[in-house]
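Chemist: Here you go, this is data_28.cif (mmCIF, C-alpha atoms).
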data_upload
loop_
_atom_site.label_atom_id
_atom_site.label_comp_id
_atom_site.auth_asym_id
_atom_site.auth_seq_id
_atom_site.Cartn_x
_atom_site.Cartn_y
_atom_site.Cartn_z
CA MET A 1 0.00 0.00 0.00
CA SER A 2 1.44 3.35 -1.04
CA ALA A 3 1.93 6.27 1.34
CA ARG A 4 -0.80 8.19 -0.51
CA THR A 5 -3.32 5.39 0.03
CA ARG A 6 -2.37 5.01 3.70
CA LEU A 7 -2.84 8.74 4.18
CA LEU A 8 -6.26 8.56 2.50
CA PHE A 9 -7.46 5.80 4.85
CA SER A 10 -5.90 7.52 7.86
CA GLU A 11 -7.73 10.77 7.13
CA ALA A 12 -11.01 8.95 6.58
CA TRP A 13 -10.64 7.05 9.87
CA SER A 14 -9.84 10.26 11.75
CA SER A 15 -12.96 11.86 10.33
CA ILE A 16 -15.08 8.85 11.35
CA THR A 17 -13.76 8.75 14.93
CA ALA A 18 -14.14 12.51 15.30
CA ASN A 19 -17.89 12.26 14.62
CA ILE A 20 -18.53 8.82 16.06
CA SER A 21 -22.14 9.41 17.14
CA THR A 22 -23.23 10.79 13.76
CA THR A 23 -21.32 8.08 11.92
CA PHE A 24 -22.99 5.44 14.09
CA ALA A 25 -26.42 6.94 13.38
CA ALA A 26 -25.73 6.99 9.63
CA THR A 27 -24.54 3.37 9.68
CA MET A 28 -27.59 2.24 11.66
CA THR A 29 -29.92 4.03 9.25
CA VAL A 30 -28.24 2.28 6.34
CA LEU A 31 -28.55 -0.99 8.28
CA ILE A 32 -32.30 -0.55 8.68
CA GLY A 33 -32.79 0.56 5.09
CA MET A 34 -30.71 -2.30 3.65
CA PHE A 35 -32.34 -4.87 5.94
CA LEU A 36 -35.80 -3.82 4.79
CA LEU A 37 -34.55 -3.69 1.21
CA GLY A 38 -33.33 -7.28 1.54
CA LEU A 39 -36.71 -8.34 2.92
CA PHE A 40 -38.42 -6.46 0.10
CA ILE A 41 -36.32 -8.19 -2.56
CA ALA A 42 -36.92 -11.63 -1.03
CA LEU A 43 -40.65 -11.12 -0.44
CA GLY A 44 -41.23 -9.25 -3.71
CA THR A 45 -39.55 -11.89 -5.87
CA TRP A 46 -41.37 -14.65 -3.99
CA VAL A 47 -44.72 -12.90 -4.56
CA LEU A 48 -43.96 -12.52 -8.26
CA SER A 49 -42.97 -16.18 -8.51
CA TRP A 50 -46.10 -17.20 -6.61
CA SER A 51 -48.32 -15.07 -8.86
CA ASP A 52 -46.78 -16.74 -11.92
CA HIS A 53 -47.52 -20.10 -10.29
CA VAL A 54 -51.15 -19.07 -9.73
CA LYS A 55 -51.49 -17.87 -13.32
CA LYS A 56 -50.24 -21.22 -14.62
CA GLU A 57 -53.05 -22.96 -12.72
CA LEU A 58 -55.81 -20.77 -14.17
CA GLN A 59 -58.09 -22.76 -16.48
CA VAL A 60 -61.44 -22.42 -18.21
CA LYS A 61 -63.88 -25.27 -17.61
CA VAL A 62 -66.69 -25.92 -20.07
CA TYR A 63 -69.47 -28.13 -18.63
CA PHE A 64 -72.02 -30.02 -20.72
CA THR A 65 -75.62 -30.90 -20.00
CA SER A 66 -76.62 -34.50 -19.38
CA THR A 67 -78.34 -34.55 -22.77
CA ALA A 68 -75.30 -33.37 -24.77
CA THR A 69 -74.18 -35.76 -27.50
CA GLN A 70 -70.63 -36.87 -28.22
CA GLN A 71 -70.77 -34.99 -31.52
CA GLN A 72 -71.64 -31.76 -29.72
CA GLU A 73 -68.85 -32.22 -27.22
CA ALA A 74 -66.33 -32.98 -29.98
CA PHE A 75 -67.50 -29.93 -31.95
CA VAL A 76 -66.99 -27.62 -28.96
CA GLY A 77 -63.51 -29.04 -28.34
CA LEU A 78 -62.60 -28.50 -32.01
CA GLN A 79 -63.77 -24.86 -31.93
CA ILE A 80 -61.86 -24.13 -28.73
CA ARG A 81 -58.60 -25.53 -30.14
CA LYS A 82 -58.73 -23.06 -33.04
CA ASP A 83 -57.93 -20.13 -30.73
CA PRO A 84 -54.15 -19.43 -30.74
CA ARG A 85 -54.32 -18.42 -27.08
CA VAL A 86 -55.22 -22.00 -26.11
CA LYS A 87 -52.30 -24.13 -24.96
CA LEU A 88 -54.08 -27.36 -24.05
CA VAL A 89 -57.63 -28.73 -24.15
CA THR A 90 -58.32 -31.80 -21.99
CA TYR A 91 -61.51 -33.82 -21.97
CA VAL A 92 -62.73 -34.94 -18.54
CA SER A 93 -65.61 -37.41 -18.63
CA LYS A 94 -68.19 -37.54 -15.87
CA ALA A 95 -66.78 -40.91 -14.78
CA ALA A 96 -63.25 -39.50 -14.51
CA ALA A 97 -64.55 -36.45 -12.64
CA GLU A 98 -66.39 -38.70 -10.16
CA LYS A 99 -63.26 -40.81 -9.60
CA LYS A 100 -61.23 -37.70 -8.86
CA MET A 101 -63.92 -36.35 -6.55
CA ARG A 102 -64.08 -39.62 -4.61
CA LYS A 103 -60.33 -39.49 -4.11
CA GLN A 104 -60.22 -35.85 -2.99
CA PHE A 105 -63.42 -35.76 -0.91
CA PRO A 106 -64.27 -39.31 0.26
CA GLN A 107 -66.54 -37.94 2.99
CA LEU A 108 -68.99 -36.75 0.33
CA TYR A 109 -69.53 -40.35 -0.72
CA ALA A 110 -70.03 -41.75 2.77
CA THR A 111 -73.70 -42.01 1.84
CA PRO A 112 -74.26 -43.78 -1.51
CA LEU A 113 -75.60 -41.47 -4.23
CA PRO A 114 -78.34 -42.56 -6.65
CA GLY A 115 -76.19 -41.55 -9.62
CA ASN A 116 -73.27 -39.47 -10.87
CA PRO A 117 -74.26 -35.77 -10.78
CA LEU A 118 -71.02 -34.54 -12.36
CA PRO A 119 -71.03 -33.47 -16.04
CA ASP A 120 -68.63 -34.08 -18.90
CA ALA A 121 -66.28 -31.17 -19.41
CA TRP A 122 -63.50 -29.63 -21.45
CA VAL A 123 -60.65 -28.14 -19.37
CA VAL A 124 -58.93 -25.34 -21.30
CA THR A 125 -55.41 -24.23 -20.35
CA PRO A 126 -54.36 -20.87 -21.90
CA THR A 127 -50.86 -20.05 -23.12
CA LYS A 128 -50.76 -17.21 -20.55
CA GLY A 129 -52.75 -16.81 -17.35
CA GLU A 130 -53.90 -13.35 -18.42
CA PHE A 131 -55.81 -14.93 -21.33
CA THR A 132 -58.07 -16.93 -19.00
CA PRO A 133 -60.91 -14.38 -18.66
CA ILE A 134 -60.69 -13.52 -22.37
CA LEU A 135 -61.06 -17.14 -23.41
CA GLY A 136 -63.77 -17.73 -20.83
CA ALA A 137 -65.83 -14.77 -22.03
CA LYS A 138 -65.38 -15.81 -25.67
CA ILE A 139 -66.50 -19.40 -25.05
CA ARG A 140 -69.42 -18.26 -22.91
CA SER A 141 -70.66 -15.82 -25.54
CA ALA A 142 -70.47 -18.45 -28.30
CA HIS A 143 -73.42 -20.41 -26.78
CA TYR A 144 -72.16 -23.74 -28.06
CA PRO A 145 -74.75 -26.53 -28.32
CA GLY A 146 -74.79 -28.91 -25.36
CA VAL A 147 -73.06 -26.49 -22.96
CA GLU A 148 -74.93 -25.93 -19.73
CA THR A 149 -76.97 -22.74 -19.43
CA PRO A 150 -76.89 -20.06 -18.14
CA GLY A 151 -73.39 -19.27 -19.34
CA ALA A 152 -72.04 -18.59 -15.86
CA GLN A 153 -72.89 -22.17 -14.96
CA GLY A 154 -71.67 -23.80 -18.17
CA VAL A 155 -68.35 -21.90 -18.54
CA GLN A 156 -66.38 -21.14 -15.40
CA TRP A 157 -62.90 -19.90 -14.49
CA GLY A 158 -61.21 -18.69 -11.30
CA ALA A 159 -60.20 -15.30 -12.65
CA GLN A 160 -62.04 -13.26 -10.01
CA THR A 161 -60.38 -15.03 -7.09
CA ALA A 162 -56.98 -14.89 -8.76
CA LYS A 163 -57.46 -11.20 -9.55
CA ARG A 164 -58.17 -10.40 -5.90
CA ILE A 165 -55.11 -12.35 -4.76
CA LEU A 166 -52.84 -10.68 -7.30
CA THR A 167 -54.24 -7.25 -6.38
CA ILE A 168 -53.37 -7.87 -2.74
CA ALA A 169 -49.88 -8.98 -3.76
CA GLU A 170 -49.45 -5.80 -5.80
CA VAL A 171 -50.55 -3.62 -2.87
CA VAL A 172 -48.03 -5.37 -0.61
CA TRP A 173 -45.33 -4.82 -3.25
CA ILE A 174 -46.11 -1.09 -3.53
CA ALA A 175 -46.25 -0.64 0.27
CA PHE A 176 -42.82 -2.23 0.72
CA LEU A 177 -41.43 -0.20 -2.16
CA ILE A 178 -42.60 3.10 -0.65
CA ALA A 179 -41.20 2.19 2.77
CA VAL A 180 -37.82 1.18 1.35
CA VAL A 181 -37.56 4.32 -0.83
CA LEU A 182 -38.21 6.48 2.23
CA LEU A 183 -35.59 4.65 4.28
CA ILE A 184 -33.02 4.78 1.47
CA THR A 185 -33.63 8.52 1.13
CA ALA A 186 -33.20 8.96 4.89
CA SER A 187 -29.98 6.92 4.80
CA THR A 188 -28.56 9.00 1.96
CA LEU A 189 -29.40 12.28 3.69
CA LEU A 190 -27.95 11.13 7.01
CA ILE A 191 -24.70 10.06 5.34
CA ALA A 192 -24.62 13.45 3.61
CA ASN A 193 -25.10 15.17 6.97
CA THR A 194 -22.27 13.11 8.49
CA ILE A 195 -19.91 14.17 5.69
CA ARG A 196 -20.99 17.81 6.07
CA LEU A 197 -20.18 17.79 9.79
CA SER A 198 -16.77 16.31 8.99
CA ILE A 199 -16.13 19.07 6.46
CA PHE A 200 -17.12 21.81 8.93
CA ALA A 201 -14.92 20.29 11.64
CA ARG A 202 -11.90 20.14 9.32
CA ARG A 203 -12.39 23.24 7.20
CA ARG A 204 -9.17 24.91 8.40
CA GLU A 205 -7.21 21.74 7.67
CA ILE A 206 -8.75 21.67 4.19
CA GLU A 207 -7.67 25.29 3.59
CA VAL A 208 -4.10 24.43 4.59
CA MET A 209 -4.09 21.37 2.28
CA LYS A 210 -5.20 23.54 -0.62
CA LEU A 211 -2.56 26.17 0.15
CA VAL A 212 0.22 23.55 -0.02
CA GLY A 213 -1.01 22.34 -3.41
CA ALA A 214 -3.34 19.41 -2.65
CA THR A 215 -5.60 18.51 -5.57
CA ASN A 216 -9.38 18.59 -5.34
CA TRP A 217 -9.63 14.79 -5.52
CA PHE A 218 -7.02 14.39 -2.78
CA VAL A 219 -9.13 16.60 -0.52
CA ARG A 220 -12.34 14.85 -1.47
CA GLY A 221 -10.91 11.34 -1.09
CA PRO A 222 -11.23 10.89 2.72
CA PHE A 223 -14.81 12.17 2.72
CA MET A 224 -15.81 9.89 -0.15
CA LEU A 225 -14.19 6.97 1.63
CA GLU A 226 -16.00 7.86 4.86
CA GLY A 227 -19.36 7.73 3.09
CA LEU A 228 -18.50 4.43 1.42
CA ILE A 229 -17.47 2.93 4.77
CA CYS A 230 -20.78 3.98 6.37
CA GLY A 231 -22.77 2.51 3.49
CA LEU A 232 -20.77 -0.71 3.28
CA GLY A 233 -20.74 -1.18 7.07
CA GLY A 234 -24.53 -0.84 7.29
CA SER A 235 -25.00 -3.23 4.37
CA ILE A 236 -22.72 -5.89 5.88
CA LEU A 237 -24.62 -5.71 9.18
CA ALA A 238 -27.92 -5.99 7.27
CA VAL A 239 -26.67 -9.11 5.44
CA ILE A 240 -25.64 -10.64 8.79
CA LEU A 241 -29.16 -10.02 10.18
CA LEU A 242 -30.72 -11.54 7.06
CA VAL A 243 -28.49 -14.61 7.39
CA LEU A 244 -29.66 -15.03 11.00
CA GLY A 245 -33.28 -14.62 9.92
CA LYS A 246 -32.79 -17.10 7.07
CA GLU A 247 -31.33 -19.73 9.39
CA ILE A 248 -33.57 -19.16 12.43
CA ALA A 249 -36.94 -17.77 11.33
CA LEU A 250 -37.39 -18.98 7.74
CA PRO A 251 -37.54 -22.75 8.50
CA SER A 252 -40.55 -22.19 10.77
CA ILE A 253 -42.31 -19.91 8.24
CA LEU A 254 -41.91 -21.90 5.01
CA PRO A 255 -44.29 -24.76 5.94
CA HIS A 256 -47.13 -22.25 6.46
CA ILE A 257 -46.86 -20.11 3.32
CA GLY A 258 -47.49 -22.89 0.81
CA GLY A 259 -46.75 -22.49 -2.88
CA GLY A 260 -45.46 -25.05 -5.33
CA SER A 261 -42.00 -26.37 -6.07
CA ASP A 262 -41.63 -23.67 -8.72
CA VAL A 263 -42.30 -20.85 -6.23
CA HIS A 264 -39.08 -19.32 -4.94
CA ALA A 265 -37.45 -16.00 -4.06
CA LEU A 266 -34.28 -14.50 -5.49
CA PRO A 267 -31.22 -16.60 -4.45
CA PHE A 268 -29.80 -15.29 -1.17
CA ALA A 269 -26.31 -14.77 -2.61
CA LEU A 270 -27.65 -12.43 -5.29
CA ASN A 271 -29.76 -10.63 -2.68
CA ALA A 272 -26.70 -10.10 -0.47
CA LEU A 273 -24.61 -8.81 -3.38
CA SER A 274 -27.44 -6.41 -4.28
CA LEU A 275 -27.48 -5.04 -0.73
CA LEU A 276 -23.70 -4.53 -0.66
CA GLY A 277 -23.87 -2.72 -3.99
CA ALA A 278 -26.79 -0.60 -2.81
CA GLY A 279 -24.91 0.29 0.38
CA LEU A 280 -21.89 1.47 -1.60
CA LEU A 281 -24.15 3.50 -3.89
CA LEU A 282 -25.80 5.09 -0.85
CA GLY A 283 -22.43 6.03 0.57
CA ALA A 284 -21.27 7.44 -2.74
CA ALA A 285 -24.55 9.34 -3.25
CA GLY A 286 -24.47 10.83 0.25
CA SER A 287 -20.82 11.84 -0.08
CA GLY A 288 -21.24 13.21 -3.59
CA LEU A 289 -24.29 15.22 -2.61
CA THR A 290 -22.47 16.91 0.27
CA LEU A 291 -19.16 17.43 -1.49
CA ARG A 292 -20.87 19.11 -4.41
CA ARG A 293 -22.96 21.44 -2.29
CA PHE A 294 -20.75 22.24 0.72
CA LEU A 295 -17.13 21.65 -0.21
CA GLN A 296 -15.92 24.58 -2.28
CA VAL A 297 -12.42 23.54 -3.26
#
Take the structure in the file and give it back as structure tokens.
Modeler:
Amino acid sequence: MSARTRLLFSEAWSSITANISTTFAATMTVLIGMFLLGLFIALGTWVLSWSDHVKKELQVKVYFTSTATQQQEAFVGLQIRKDPRVKLVTYVSKAAAEKKMRKQFPQLYATPLPGNPLPDAWVVTPTKGEFTPILGAKIRSAHYPGVETPGAQGVQWGAQTAKRILTIAEVVWIAFLIAVVLLITASTLLIANTIRLSIFARRREIEVMKLVGATNWFVRGPFMLEGLICGLGGSILAVILLVLGKEIALPSILPHIGGGSDVHALPFALNALSLLGAGLLLGAAGSGLTLRRFLQV
């Protein structure tokens, strides 16, 4: 390490220790902001993955009357397949539907039924979950022969329930985003205030450095480094807290939140790297903001 670099770190450390309370407050603010940001990234990416999982399960079900003929059912299936938004069309006979129902809800068949009340059906899977209500409305308005009437009974999809769930997820996403933006702003401003106090405390020393020929970047260096240290320190502490939460709290939460095997959050390593990068950016932003406005060199 060169003498110039050692001097840079020495000056930055002197500035930090001279304003220890403000530096501590700035670091703790970054810690809180980065911790919440890490939670936001993990929860937000999990919600997005879960919403994609829900969309994949959205289907349109077309039920037939008991008097519908095989020709009518085949005709409806043929017409549905012509739509390019349809990914898969599966025929479920009343016998297959009853078998599935018996397996899922055996208590319903504790008392023998006089017959099979379930209808034949086509199960339509769209290429994208967003196409579900469009396909459902199109099939319902076609009034195909043999399909149960009224349309709401003969053609059904879970779009309304899914829409409510996804709306709630979006509200949660926006709420976390607003909170994190506010905390990041507070962190940046507090780092800027820390650097400003350091500048005021060392303004005579800065004047002397300029008189002996120090360059602008040499004067700015310790203050920039101080801001970066505050940002990086808070981020590292936030990552440590997230690791503790991941190892202690997450195992007891996962069994209760459900989801499929394809539902997952952003990998923790990428999340941690994002927080460290964000902490450095906060430090740089706070330092740059103060140096530009208050350090006239």
Chemist: I'd like the interatomic distance between atom CA of A:Gly233 and atom CA of A:Ala179, to a tenth of an Å.
Modeler: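 Here the two named atoms are 21.2 Å from each other.
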Chemist: Could you give me, as a list in words, the residues within 7 Å of A:Tyr91, counting all atoms listed in the file and dropping anything in the same chain fewer than 2 positions from it?
Modeler: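 What passes the distance filter is Val89, Ser93, Ala121, Trp122 and Val123 of chain A.
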Chemist: Apply the PyMOL selection byres ((chain A and resi 64-70) around 8) to the displayed file and report the matching residues as a ChimeraX atom specification.
Modeler: /A:62-63,71-74,119-121,145-148,154
Chemist: Enumerate, as a PDB file with C-alpha atoms, in the frame of the given file, the residues matched when the PyMOL selection byres ((chain A and resi 284) around 9) is run on the file above.
Modeler:
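Once written, expr11.pdb looks like this:
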ATOM      1  CA  THR A 188     -28.560   9.000   1.960  1.00  0.00           C
ATOM      2  CA  MET A 224     -15.810   9.890  -0.150  1.00  0.00           C
ATOM      3  CA  LEU A 225     -14.190   6.970   1.630  1.00  0.00           C
ATOM      4  CA  GLY A 227     -19.360   7.730   3.090  1.00  0.00           C
ATOM      5  CA  LEU A 228     -18.500   4.430   1.420  1.00  0.00           C
ATOM      6  CA  GLY A 231     -22.770   2.510   3.490  1.00  0.00           C
ATOM      7  CA  GLY A 279     -24.910   0.290   0.380  1.00  0.00           C
ATOM      8  CA  LEU A 280     -21.890   1.470  -1.600  1.00  0.00           C
ATOM      9  CA  LEU A 281     -24.150   3.500  -3.890  1.00  0.00           C
ATOM     10  CA  LEU A 282     -25.800   5.090  -0.850  1.00  0.00           C
ATOM     11  CA  GLY A 283     -22.430   6.030   0.570  1.00  0.00           C
ATOM     12  CA  ALA A 285     -24.550   9.340  -3.250  1.00  0.00           C
ATOM     13  CA  GLY A 286     -24.470  10.830   0.250  1.00  0.00           C
ATOM     14  CA  SER A 287     -20.820  11.840  -0.080  1.00  0.00           C
ATOM     15  CA  GLY A 288     -21.240  13.210  -3.590  1.00  0.00           C
ATOM     16  CA  LEU A 289     -24.290  15.220  -2.610  1.00  0.00           C
TER      17      LEU A 289
END
Chemist: Considering all atoms listed in the file, return as a PyMOL selection string whatever protein or nucleic-acid residues lie within 7 Å of stretch 76-86 of chain A, sequence-local ones (same chain, fewer than 5 positions apart) excluded.
Modeler: chain A and resi 122+124-127+131+144
Chemist: Please indicate the distance in Å from atom CA of A:Thr132 to atom CA of A:Gln160, rounded to one decimal place.
Modeler: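 If I compute the distance from atom CA of A:Thr132 to atom CA of A:Gln160, I get 10.5 Å.
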Chemist: Specify as a PyMOL selection string each residue included when the PyMOL selection byres ((chain A and resi 165) around 12) is applied to this file.
Modeler: chain A and resi 47-48+50-52+54-55+158-164+166-172
Chemist: What is the distance, in Å and to one decimal place, between atom CA of A:Ala96 and atom CA of A:Pro117?
Modeler: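 Result for atom CA of A:Ala96 versus atom CA of A:Pro117: 12.2 Å, one decimal.
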Chemist: Calculated over only C-alpha atoms, which of the candidates A:Ile41, A:Ile191, A:Leu250, A:Gly213 has the smallest distance to A:Trp173?
Modeler: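 So, comparing all the options, the nearest one is A:Ile41.
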Chemist: Please give the centre and size of the box around stretch 55-71 of chain A (axis-aligned, containing every atom listed in the file, 8 Å added per side), with values in Å to one decimal and written as JSON.
Modeler:
{"center_x": -64.3, "center_y": -27.4, "center_z": -22.1, "size_x": 44.1, "size_y": 35.0, "size_z": 34.8}
Chemist: Applying 9 Å and only C-alpha atoms, which residues near A:Ala238 remain after dropping the ones on its own chain fewer than 4 positions away? List them as a PyMOL selection string.
Modeler: chain A and resi 30-36+38+233-234+242-243+272+275
Chemist: Counting only C-alpha atoms, which of A:Leu108, A:Phe268, A:Leu276, A:Met101 gets nearest to A:Glu247?
Modeler: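 Distance minimum relative to A:Glu247 lands on A:Phe268.
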Chemist: Which of these residues is nearest to A:Leu135, using all atoms listed in the file: A:Leu183, A:Leu189, A:Ala265, A:Val155?
Modeler: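 For A:Leu135, the nearest of the candidates is A:Val155.
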Chemist: Identify which of the residues A:Thr185, A:Thr27, A:Gln59, A:Gln156 lies closest to A:Glu130, counting all atoms listed in the file when measuring atom-to-atom distances.
Modeler: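 Result for the nearest residue to A:Glu130: A:Gln59.
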Chemist: Compute the distance from (-70.6, -42.3, -12.1) to each atom, counting only C-alpha atoms, keep the residues with any atom at most 12 Å away, and return them as a PyMOL selection string; use the coordinates of the file.
Modeler: chain A and resi 93-102+109+112-120
